[in-house]
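Shown next, in structure tokens, is the structure this report addresses.
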Amino acid sequence: MGTETLVLDAAKVIVDRRCSNPITLPSGVQVRCQSRLKSLCPGCSNLAAGDYAAIFRSGVFDAPPGYRFVALTLTAPSAGGTHRVVKDGRPPRRCGCGATHDPVTDAALRGLPLDLDTYDYDAAVAWNYQIGTLWNRLLREIRRHAPTAAYALSREWGARGSLHIHGLVRFPAAEYLPPAVLERIVGSVSARDRHGHVHRFGAQVKVDPLNADGKTAQSIWYMTKAVQYMVKEVADGGGPSSDYGREHWGRLHRAATVMRCDKCPPHGSPSFCQARAHKQWGARSRVVTVSDARGRHAATAQTRWSFTGLTRASQRQARADYAASLSSDDARADRFTFAVQARRILDGERTAAALDAITALRPRPAPPV
């Protein structure tokens, strides 16, 4: 990689982190909008995803010896048959519609209902609404057996428009719950909504024991990838590429609009309710949740996920303190240095020589960005 290319890549890292909609305070100081949605601010959403990844890593790689980890994948129950379209390079499989779909030309069908008229859209949006309650019930049952278990989880949209959970659970060795026990606990958890409907996790539950090594790092990477996907709004990113997919999304939206949530007026129409769930296919849970000793489920300080107390608030404050300590020239040069260091981490040792050359060729101040 040439020096010029590395300089351009470093500048791109800086631009990608810029806020698109800075807020000007009465003092005249500009601060970030702090949106996590790519459609509103790509820079702040990228920064949020990086912050979440740092928090995930902190609970694993800052942990002292004597802890064990489990990766959880919790899916939604079926609301009706969906098209099976395997990823490119995988063995073909027959779909419920009777066809064997091509992974490239039929990719737009992946996860969409076989029949829009029989798909249970009310159940689909109700599941999205209840997923947070189900997780709280599951956590309560886990902590009955392991009082100081800590967790970090992210919620991701599936192709059919239902949320599922990717999470890491950390146990002290003396409280470790084997996968078989966890699977039984997951299967026993349920939540009854205000209409009397009972909700459970889907049949596809994955529980993998991990060590703080490459496999755990891979799980953290996947959770971070899920977060990067979740920083898009439900209807962001251009939407489905087919009329069939757009109709599916439209029906999900209509089902969420008429769903009666806990914030709907008792005798009014749900269409007048301003709750977020009506605009997000029933979803009301946070994108990322980590255990905190201050939470209602906390037992002791051991339940905090990050051993160093790392939070998004602390990361924002650290950035603000660092920026305040620099002059404008120092800040500009430091942003450039930070960017090339980030590029070095991404590309590995193969860029070390080029970075050394940049250090020699580009003393302060750095080029304006």
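Chain labels run A, B, ... following the order of the structure tokens; each chain numbers its residues from 1, and ligands are numbered from 1 in the order shown.
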Given only C-alpha atoms, how would the per-residue table for region 27-110 of chain A near region 304-318 of chain A read, listing every residue at most 8 Å away with its closest atom pair and distance in Å to one decimal, sorted by chain and number, as a tab-separated table?
```
residue	atom	partner	partner_atom	distance
A:Ala48	CA	A:Arg312	CA	7.8
A:Asp51	CA	A:Arg312	CA	6.1
A:Tyr52	CA	A:Arg312	CA	7.3
A:Ile55	CA	A:Leu310	CA	6.1
A:Phe56	CA	A:Ser306	CA	7.9
A:Ser58	CA	A:Ser306	CA	5.3
A:Gly59	CA	A:Ser306	CA	4.4
A:Asp62	CA	A:Phe307	CA	6.3
A:Ala63	CA	A:Phe307	CA	6.5
```
Output N, CA and C atoms of each residue in that selection to a file, as a PDB file, in the first residue's frame.
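Okay, part_30.pdb is ready:
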```pdb
ATOM      1  N   ALA A  48     -21.091   4.916  17.301  1.00  0.00           N
ATOM      2  CA  ALA A  48     -21.861   4.135  18.277  1.00  0.00           C
ATOM      3  C   ALA A  48     -21.542   2.654  18.162  1.00  0.00           C
ATOM      4  N   ASP A  51     -18.271   2.014  19.751  1.00  0.00           N
ATOM      5  CA  ASP A  51     -18.377   2.062  21.214  1.00  0.00           C
ATOM      6  C   ASP A  51     -18.947   0.759  21.760  1.00  0.00           C
ATOM      7  N   TYR A  52     -19.997   0.263  21.112  1.00  0.00           N
ATOM      8  CA  TYR A  52     -20.591  -0.993  21.568  1.00  0.00           C
ATOM      9  C   TYR A  52     -19.586  -2.141  21.471  1.00  0.00           C
ATOM     10  N   ILE A  55     -17.272  -2.082  24.349  1.00  0.00           N
ATOM     11  CA  ILE A  55     -17.923  -2.569  25.573  1.00  0.00           C
ATOM     12  C   ILE A  55     -18.002  -4.094  25.561  1.00  0.00           C
ATOM     13  N   PHE A  56     -18.361  -4.676  24.408  1.00  0.00           N
ATOM     14  CA  PHE A  56     -18.390  -6.138  24.310  1.00  0.00           C
ATOM     15  C   PHE A  56     -17.035  -6.728  24.679  1.00  0.00           C
ATOM     16  N   SER A  58     -14.604  -5.452  26.395  1.00  0.00           N
ATOM     17  CA  SER A  58     -14.187  -5.179  27.767  1.00  0.00           C
ATOM     18  C   SER A  58     -14.657  -6.255  28.736  1.00  0.00           C
ATOM     19  N   GLY A  59     -15.876  -6.765  28.527  1.00  0.00           N
ATOM     20  CA  GLY A  59     -16.404  -7.772  29.441  1.00  0.00           C
ATOM     21  C   GLY A  59     -15.772  -9.137  29.283  1.00  0.00           C
ATOM     22  N   ASP A  62     -11.006  -8.109  29.525  1.00  0.00           N
ATOM     23  CA  ASP A  62     -10.565  -7.498  30.774  1.00  0.00           C
ATOM     24  C   ASP A  62     -10.925  -8.355  31.978  1.00  0.00           C
ATOM     25  N   ALA A  63     -11.553  -9.508  31.740  1.00  0.00           N
ATOM     26  CA  ALA A  63     -11.988 -10.368  32.839  1.00  0.00           C
ATOM     27  C   ALA A  63     -10.795 -11.087  33.459  1.00  0.00           C
TER      28      ALA A  63
END
```
Exercise for the section: Going by DSSP on the backbone, which bits of region 40-73 of chain A are alpha helix (DSSP H)? Write them as a PyMOL selection string, please. Expected result: chain A and resi 42-61
Just write the chosen residues, C-alpha atoms, as a tab-separated table (two decimals), in the first residue's frame.
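Written out: result36.tsv:
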```tsv
chain	number	residue	atom	x	y	z
A	42	PRO	CA	-23.52	7.92	9.32
A	43	GLY	CA	-20.66	9.32	11.41
A	44	CYS	CA	-22.40	9.07	14.78
A	45	SER	CA	-23.88	5.66	13.98
A	46	ASN	CA	-20.42	4.32	13.06
A	47	LEU	CA	-19.05	5.75	16.28
A	48	ALA	CA	-21.86	4.14	18.28
A	49	ALA	CA	-21.15	0.73	16.73
A	50	GLY	CA	-17.47	1.11	17.65
A	51	ASP	CA	-18.38	2.06	21.21
A	52	TYR	CA	-20.59	-0.99	21.57
A	53	ALA	CA	-17.82	-3.24	20.22
A	54	ALA	CA	-15.40	-1.84	22.82
A	55	ILE	CA	-17.92	-2.57	25.57
A	56	PHE	CA	-18.39	-6.14	24.31
A	57	ARG	CA	-14.61	-6.71	24.34
A	58	SER	CA	-14.19	-5.18	27.77
A	59	GLY	CA	-16.40	-7.77	29.44
A	60	VAL	CA	-14.35	-10.62	27.96
A	61	PHE	CA	-10.72	-9.60	27.60
```
Exercise for the section: Can you check which residues of region 68-180 of chain A DSSP gives as strand (DSSP E) on the backbone and send them as a ChimeraX atom specification? Expected result: /A:68-74,150-157,163-172
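Counting only C-alpha atoms and comparing A:Thr100, A:Thr105, A:Ser269, A:Thr148, the residue that lies closest to Glu175 (chain A) is A:Thr148.
Comparing A:Val290, A:Val207, A:Leu163, A:Val125 by their smallest distance to Val181 (chain A), the closest is A:Val207 (using only C-alpha atoms).
One distance worth recording is that between CA of Val86 (chain A) and CA of Pro113 (chain A), which is 15.2 Å.
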